[in-house]
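Enquirer: Data file target-v1.cif (mmCIF, C-alpha atoms and all ligand atoms) is appended below.
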```
data_run
loop_
_atom_site.label_atom_id
_atom_site.label_comp_id
_atom_site.auth_asym_id
_atom_site.auth_seq_id
_atom_site.Cartn_x
_atom_site.Cartn_y
_atom_site.Cartn_z
CA MET W 14 107.89 92.38 104.20
CA GLY W 15 109.28 88.93 104.88
CA LEU W 16 108.79 86.19 107.44
CA LYS W 17 110.59 87.92 110.30
CA ASP W 18 108.66 91.15 109.81
CA ILE W 19 105.34 89.29 109.93
CA THR W 20 106.21 87.20 112.99
CA ASP W 21 107.31 90.43 114.74
CA ARG W 22 104.03 92.13 113.82
CA ILE W 23 102.03 89.12 115.04
CA ALA W 24 103.91 89.22 118.36
CA ALA W 25 103.29 92.97 118.70
CA ALA W 26 99.58 92.57 117.89
CA CYS W 27 99.30 89.78 120.48
CA ASP W 28 100.99 92.02 123.00
CA ARG W 29 98.57 94.89 122.34
CA HIS W 30 95.51 92.68 122.64
CA GLY W 31 96.47 90.47 125.57
CA ARG W 32 96.99 87.39 123.42
CA LYS W 33 99.86 84.91 123.58
CA PRO W 34 101.91 84.68 120.35
CA ASP W 35 101.85 80.87 120.72
CA ASP W 36 98.07 80.98 120.37
CA VAL W 37 98.30 82.42 116.85
CA THR W 38 99.46 80.09 114.08
CA LEU W 39 101.00 81.74 111.04
CA ILE W 40 100.05 79.98 107.81
CA ALA W 41 102.41 81.16 105.07
CA VAL W 42 100.29 81.17 101.91
CA SER W 43 102.60 80.00 99.13
CA LYS W 44 100.13 79.72 96.23
CA VAL W 45 101.49 80.93 92.88
CA GLN W 46 104.84 81.90 94.46
CA PRO W 47 108.10 80.90 92.75
CA LEU W 48 109.67 77.81 94.34
CA GLU W 49 112.81 79.68 95.35
CA ARG W 50 110.78 82.09 97.49
CA VAL W 51 109.05 79.18 99.19
CA GLU W 52 112.37 77.43 99.72
CA ALA W 53 113.83 80.58 101.28
CA VAL W 54 111.03 80.62 103.86
CA LEU W 55 111.55 76.90 104.54
CA ASN W 56 115.24 77.64 105.05
CA GLU W 57 114.31 80.30 107.58
CA GLY W 58 112.70 77.49 109.56
CA HIS W 59 109.01 78.02 108.84
CA ARG W 60 107.01 74.81 108.36
CA ILE W 61 103.30 75.74 108.15
CA PHE W 62 102.05 76.60 104.66
CA GLY W 63 98.74 77.21 102.93
CA GLU W 64 97.71 76.46 99.37
CA ASN W 65 94.40 77.04 97.56
CA ARG W 66 94.52 74.38 94.88
CA VAL W 67 95.06 70.67 95.32
CA GLN W 68 96.68 70.26 91.92
CA GLU W 69 99.11 73.13 92.37
CA ALA W 70 100.08 71.82 95.81
CA GLU W 71 100.66 68.33 94.41
CA GLY W 72 103.16 69.83 92.00
CA LYS W 73 105.42 71.36 94.62
CA TRP W 74 104.96 69.92 98.12
CA PRO W 75 105.90 66.22 97.78
CA ALA W 76 109.45 67.25 96.80
CA PHE W 77 109.72 69.78 99.64
CA LYS W 78 108.39 67.19 102.09
CA GLU W 79 111.26 64.89 101.13
CA ARG W 80 113.81 67.58 101.84
CA PHE W 81 112.33 69.31 104.91
CA ASP W 82 110.95 67.61 108.03
CA GLY W 83 107.81 68.64 109.83
CA ILE W 84 105.93 70.40 107.05
CA GLU W 85 102.24 71.03 107.84
CA LEU W 86 99.99 71.87 104.88
CA HIS W 87 96.69 73.72 105.08
CA LEU W 88 94.15 73.76 102.26
CA ILE W 89 92.56 77.21 102.24
CA GLY W 90 90.83 77.16 98.84
CA PRO W 91 87.53 75.56 97.73
CA LEU W 92 87.52 71.77 97.63
CA GLN W 93 85.53 69.81 95.06
CA SER W 94 84.24 66.43 96.21
CA ASN W 95 86.21 64.63 93.50
CA LYS W 96 89.47 66.11 94.83
CA VAL W 97 88.97 64.97 98.41
CA ARG W 98 91.17 61.87 98.10
CA PRO W 99 94.26 63.63 96.73
CA ALA W 100 93.65 66.49 99.17
CA LEU W 101 93.66 64.11 102.13
CA LYS W 102 96.93 62.55 101.00
CA LEU W 103 98.68 65.91 101.05
CA PHE W 104 96.96 68.26 103.49
CA ASP W 105 96.91 68.14 107.29
CA VAL W 106 94.19 70.73 107.77
CA ILE W 107 91.24 71.69 105.54
CA HIS W 108 89.83 75.17 106.15
CA THR W 109 87.05 75.09 103.57
CA VAL W 110 84.38 72.61 104.64
CA ASP W 111 81.27 74.46 103.51
CA ARG W 112 78.56 71.94 102.64
CA PRO W 113 77.16 68.66 103.97
CA LYS W 114 78.17 66.67 100.89
CA LEU W 115 81.79 67.70 101.28
CA ALA W 116 81.81 66.97 105.02
CA ARG W 117 80.43 63.48 104.35
CA ALA W 118 82.96 62.83 101.58
CA ILE W 119 85.85 63.85 103.83
CA ALA W 120 84.62 61.64 106.67
CA ARG W 121 84.21 58.61 104.39
CA ILE W 122 87.47 58.98 102.47
CA ALA W 123 89.48 59.84 105.59
CA GLU W 124 88.39 56.52 107.04
CA GLU W 125 89.31 54.66 103.85
CA GLU W 126 92.70 56.35 103.67
CA GLY W 127 93.39 56.10 107.41
CA ARG W 128 94.33 59.77 107.40
CA MET W 129 92.09 62.19 109.26
CA PRO W 130 92.62 65.90 108.62
CA ALA W 131 91.69 68.62 111.09
CA VAL W 132 88.98 70.83 109.60
CA PHE W 133 87.49 74.29 109.76
CA VAL W 134 84.01 75.18 108.57
CA GLN W 135 84.14 78.12 106.15
CA VAL W 136 81.39 80.67 106.72
CA ASN W 137 80.34 83.14 104.03
CA THR W 138 79.95 85.93 106.59
CA GLY W 139 79.03 88.49 103.91
CA ASP W 140 76.46 86.11 102.36
CA GLU W 141 78.04 86.92 98.99
CA ASP W 142 76.56 85.00 96.06
CA GLN W 143 79.82 84.17 94.36
CA LYS W 144 81.78 83.28 97.47
CA ALA W 145 82.40 79.86 98.96
CA GLY W 146 81.34 79.16 102.53
CA VAL W 147 78.17 78.07 104.27
CA SER W 148 75.65 80.86 104.79
CA VAL W 149 75.41 82.41 108.23
CA ASP W 150 71.93 80.90 108.67
CA GLU W 151 73.09 77.37 107.91
CA ALA W 152 76.39 77.52 109.80
CA ASP W 153 75.18 76.00 113.09
CA ALA W 154 73.63 73.01 111.33
CA LEU W 155 76.77 72.31 109.30
CA ILE W 156 78.94 72.61 112.43
CA ALA W 157 76.71 70.06 114.16
CA LEU W 158 76.92 67.68 111.19
CA VAL W 159 80.73 67.91 111.04
CA GLN W 160 80.89 67.05 114.73
CA GLU W 161 78.41 64.19 114.30
CA LEU W 162 80.57 62.76 111.52
CA GLY W 163 83.52 62.71 113.93
CA LEU W 164 85.74 65.09 111.97
CA PRO W 165 88.22 66.92 114.22
CA LEU W 166 86.68 70.38 114.01
CA LYS W 167 89.12 73.12 115.00
CA GLY W 168 86.90 76.09 114.35
CA LEU W 169 85.63 78.48 111.68
CA MET W 170 87.16 80.27 108.73
CA CYS W 171 86.07 83.35 106.74
CA ILE W 172 87.18 85.61 103.91
CA PRO W 173 85.49 89.01 104.39
CA PRO W 174 84.01 90.89 101.41
CA ILE W 175 86.67 93.21 99.97
CA ASP W 176 84.48 96.31 100.18
CA GLU W 177 83.45 96.10 103.83
CA PRO W 178 85.35 96.56 107.11
CA ALA W 179 86.92 93.19 107.81
CA SER W 180 86.58 93.58 111.56
CA LEU W 181 82.76 93.31 111.39
CA HIS W 182 83.15 89.93 109.69
CA PHE W 183 85.82 88.78 112.11
CA ALA W 184 83.52 89.68 115.01
CA LEU W 185 80.60 87.82 113.40
CA LEU W 186 82.74 84.72 112.86
CA ALA W 187 83.93 84.86 116.49
CA LYS W 188 80.30 85.11 117.64
CA ILE W 189 79.19 82.07 115.62
CA ALA W 190 82.19 80.12 116.93
CA ALA W 191 81.51 81.08 120.54
CA ARG W 192 77.85 80.03 120.45
CA ASN W 193 78.98 76.64 119.10
CA GLY W 194 81.71 76.20 121.70
CA LEU W 195 84.52 76.46 119.13
CA THR W 196 87.79 78.27 119.79
CA GLY W 197 89.63 78.14 116.45
CA LEU W 198 89.31 81.15 114.15
CA SER W 199 91.04 81.12 110.75
CA MET W 200 90.86 84.75 109.70
CA GLY W 201 93.15 87.57 108.64
CA MET W 202 95.33 87.95 105.54
CA SER W 203 98.22 90.28 104.59
CA GLY W 204 96.10 93.43 104.83
CA ASP W 205 94.21 92.71 108.02
CA PHE W 206 95.85 90.01 110.15
CA GLU W 207 96.48 92.41 113.03
CA GLU W 208 92.78 93.31 113.19
CA ALA W 209 91.97 89.60 113.06
CA ILE W 210 94.27 88.95 116.03
CA ALA W 211 92.48 91.73 117.91
CA GLN W 212 89.24 89.80 117.30
CA GLY W 213 90.61 86.44 118.42
CA ALA W 214 92.17 84.86 115.30
CA THR W 215 94.03 81.65 116.09
CA HIS W 216 95.18 81.08 112.48
CA VAL W 217 96.22 83.92 110.18
CA ARG W 218 96.76 83.23 106.48
CA VAL W 219 99.44 85.54 105.15
CA GLY W 220 100.80 85.33 101.61
CA SER W 221 102.03 88.41 99.79
CA ALA W 222 103.30 90.16 102.93
CA ILE W 223 105.72 87.27 103.42
CA PHE W 224 106.63 86.25 99.88
CA GLY W 225 105.95 89.39 97.83
CA GLU W 226 103.19 90.03 95.33
CA ARG W 227 101.88 87.06 93.40
CA ASP W 228 102.64 87.14 89.67
CA TYR W 229 99.69 85.63 87.82
CA GLY W 230 101.19 86.60 84.46
C1 LIG D 1 95.52 83.96 98.85
C2 LIG D 1 94.82 83.77 100.15
C3 LIG D 1 95.34 84.30 101.35
C4 LIG D 1 96.58 85.15 101.41
O1 LIG D 1 96.36 86.40 100.83
P1 LIG D 1 97.41 87.60 100.98
O2 LIG D 1 96.60 88.81 100.78
O3 LIG D 1 98.45 87.38 99.94
O4 LIG D 1 97.99 87.51 102.34
C5 LIG D 1 94.65 84.04 102.52
N1 LIG D 1 93.52 83.31 102.53
C6 LIG D 1 93.00 82.78 101.41
C7 LIG D 1 91.76 81.96 101.49
C8 LIG D 1 93.63 83.01 100.19
O5 LIG D 1 93.08 82.48 99.08
#
```
Would you mind writing the structure in this file as structure tokens?
Ligand SMILES: *Cc1c(COP(=O)(O)O)cnc(C)c1O
Expert:
Amino acid sequence: MGLKDITDRIAAACDRHGRKPDDVTLIAVSKVQPLERVEAVLNEGHRIFGENRVQEAEGKWPAFKERFDGIELHLIGPLQSNKVRPALKLFDVIHTVDRPKLARAIARIAEEEGRMPAVFVQVNTGDEDQKAGVSVDEADALIALVQELGLPLKGLMCIPPIDEPASLHFALLAKIAARNGLTGLSMGMSGDFEEAIAQGATHVRVGSAIFGERDYG
């Protein structure tokens, strides 16, 4: 566990699969973690972090941004349209664009705020009822809309169903990306980031394996 262990494992996975470590961005997922654990990882020199909730991120990141240069924040949780403005003020990358209304809201508010985030389209690769993400069938149309709106689209993101082999979902996401000419793939968490790298992940989102288990108590 810990930052160094994870960066070593990413480098080894890249080595095994003919990837360059520089082509895989490690997003340290700091949601719910105690501030001192987050600060320790900042002190180790890491600057790229992921959060799932706008409000939680607003409570901790402005102060860290004053103390540490070069922080890059990624929103990896669902975004409600009425939270787009505060999200754009804080986040550099939004991984969870999953419906036309949200894409349009981001495009409009980004222009008003003069702050354009990079985005990923989240695909519900398991077509799970309760899960966020555009359905596999509607993914191509949403990708086209995001591009039409002029949002800087980096690629696709998925969270595989917990009870199925993740690699099938990583492969499906890579296929949808390839047929749309996209290279970015945000996939892989603590339990499966090495498999994701094998399948072409460019952004892995790792929380508990860096910071320790989350305590929701
Ligand atoms: C919490 C979360 C992660 C990190 O999960 P770990 O299993 O702690 O690595 C990654 N992606 C998303 C979307 C998350 O919500």
Enquirer: Give me the residues near W:Gln93 as number ranges by chain, where near means some atom within 10 Å (using all atoms listed in the file) and where sequence neighbours in that chain fewer than 2 positions away do not count.
Expert: W: 67, 90-91, 95-97, 100, 114-115, 118
Enquirer: Please list as an NGL selection string every residue within 10 Å of stretch 26-30 of chain W, counting only C-alpha atoms and excluding residues in the same chain fewer than 2 positions away.
Expert: :W and (20-24 or 32-37 or 206-213)
Enquirer: Can you tell me which residues come within 10 Å of ligand LIG 1 (chain D) when counting all atoms listed in the file, ideally as a PyMOL selection string?
Expert: chain W and resi 40-45+63-66+88-91+108-109+135+145+170-173+199-206+217-227
Enquirer: May I ask which of the residues W:Ala120, W:Val132, W:Leu166, W:Ile189 is the closest one to W:Asp153, counting only C-alpha atoms?
Expert: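 So, comparing all the options, the nearest one is W:Ile189.
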Enquirer: Atom CA of W:Arg112 to atom CA of W:Gly127: how many Å, to one decimal?
Expert: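 Those two atoms sit 22.2 Å apart.
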Enquirer: Report, in Å with one decimal, the straight-line distance from atom CA of W:Val106 to atom CA of W:Thr38.
Expert: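 Rounded to one decimal, the two atoms are 12.5 Å apart.
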Enquirer: So the first atom is atom CA of W:Leu164 and the second is atom CA of W:Ala116; what is the distance between them in Å, to one decimal place?
Expert: 8.2 Å
Enquirer: Tell me, as a tab-separated table (two decimals) with C-alpha atoms, in the frame of the given file, which residues lie within 12 Å of W:Ala154, counting all atoms listed in the file; anything in the same chain fewer than 4 positions away does not count.
Expert:
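Saved the output as around.tsv:
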```tsv
chain	number	residue	atom	x	y	z
W	111	ASP	CA	81.27	74.46	103.51
W	112	ARG	CA	78.56	71.94	102.64
W	113	PRO	CA	77.16	68.66	103.97
W	116	ALA	CA	81.81	66.97	105.02
W	134	VAL	CA	84.01	75.18	108.57
W	136	VAL	CA	81.39	80.67	106.72
W	147	VAL	CA	78.17	78.07	104.27
W	148	SER	CA	75.65	80.86	104.79
W	149	VAL	CA	75.41	82.41	108.23
W	150	ASP	CA	71.93	80.90	108.67
W	158	LEU	CA	76.92	67.68	111.19
W	159	VAL	CA	80.73	67.91	111.04
W	160	GLN	CA	80.89	67.05	114.73
W	161	GLU	CA	78.41	64.19	114.30
W	189	ILE	CA	79.19	82.07	115.62
W	193	ASN	CA	78.98	76.64	119.10
```
Enquirer: For each of W:Asn56, W:Gln46, W:Thr196, W:Gln68, take the minimum atom-to-atom distance to W:Arg80, counting only C-alpha atoms, then give the residue where this is smallest.
Expert: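 Between W:Asn56, W:Gln46, W:Thr196, W:Gln68, the residue approaching W:Arg80 most closely is W:Asn56.
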Enquirer: Find the residue from W:Arg98, W:Arg192, W:His59, W:His182 that sits nearest to W:Gly139; use all atoms listed in the file when measuring.
Expert: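 Closest candidate: W:His182.
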Enquirer: Would you please work out which residue, of W:Leu169, W:Leu186, W:Leu92, W:Leu16, is nearest to W:Ile61 when using all atoms listed in the file?
Expert: W:Leu16
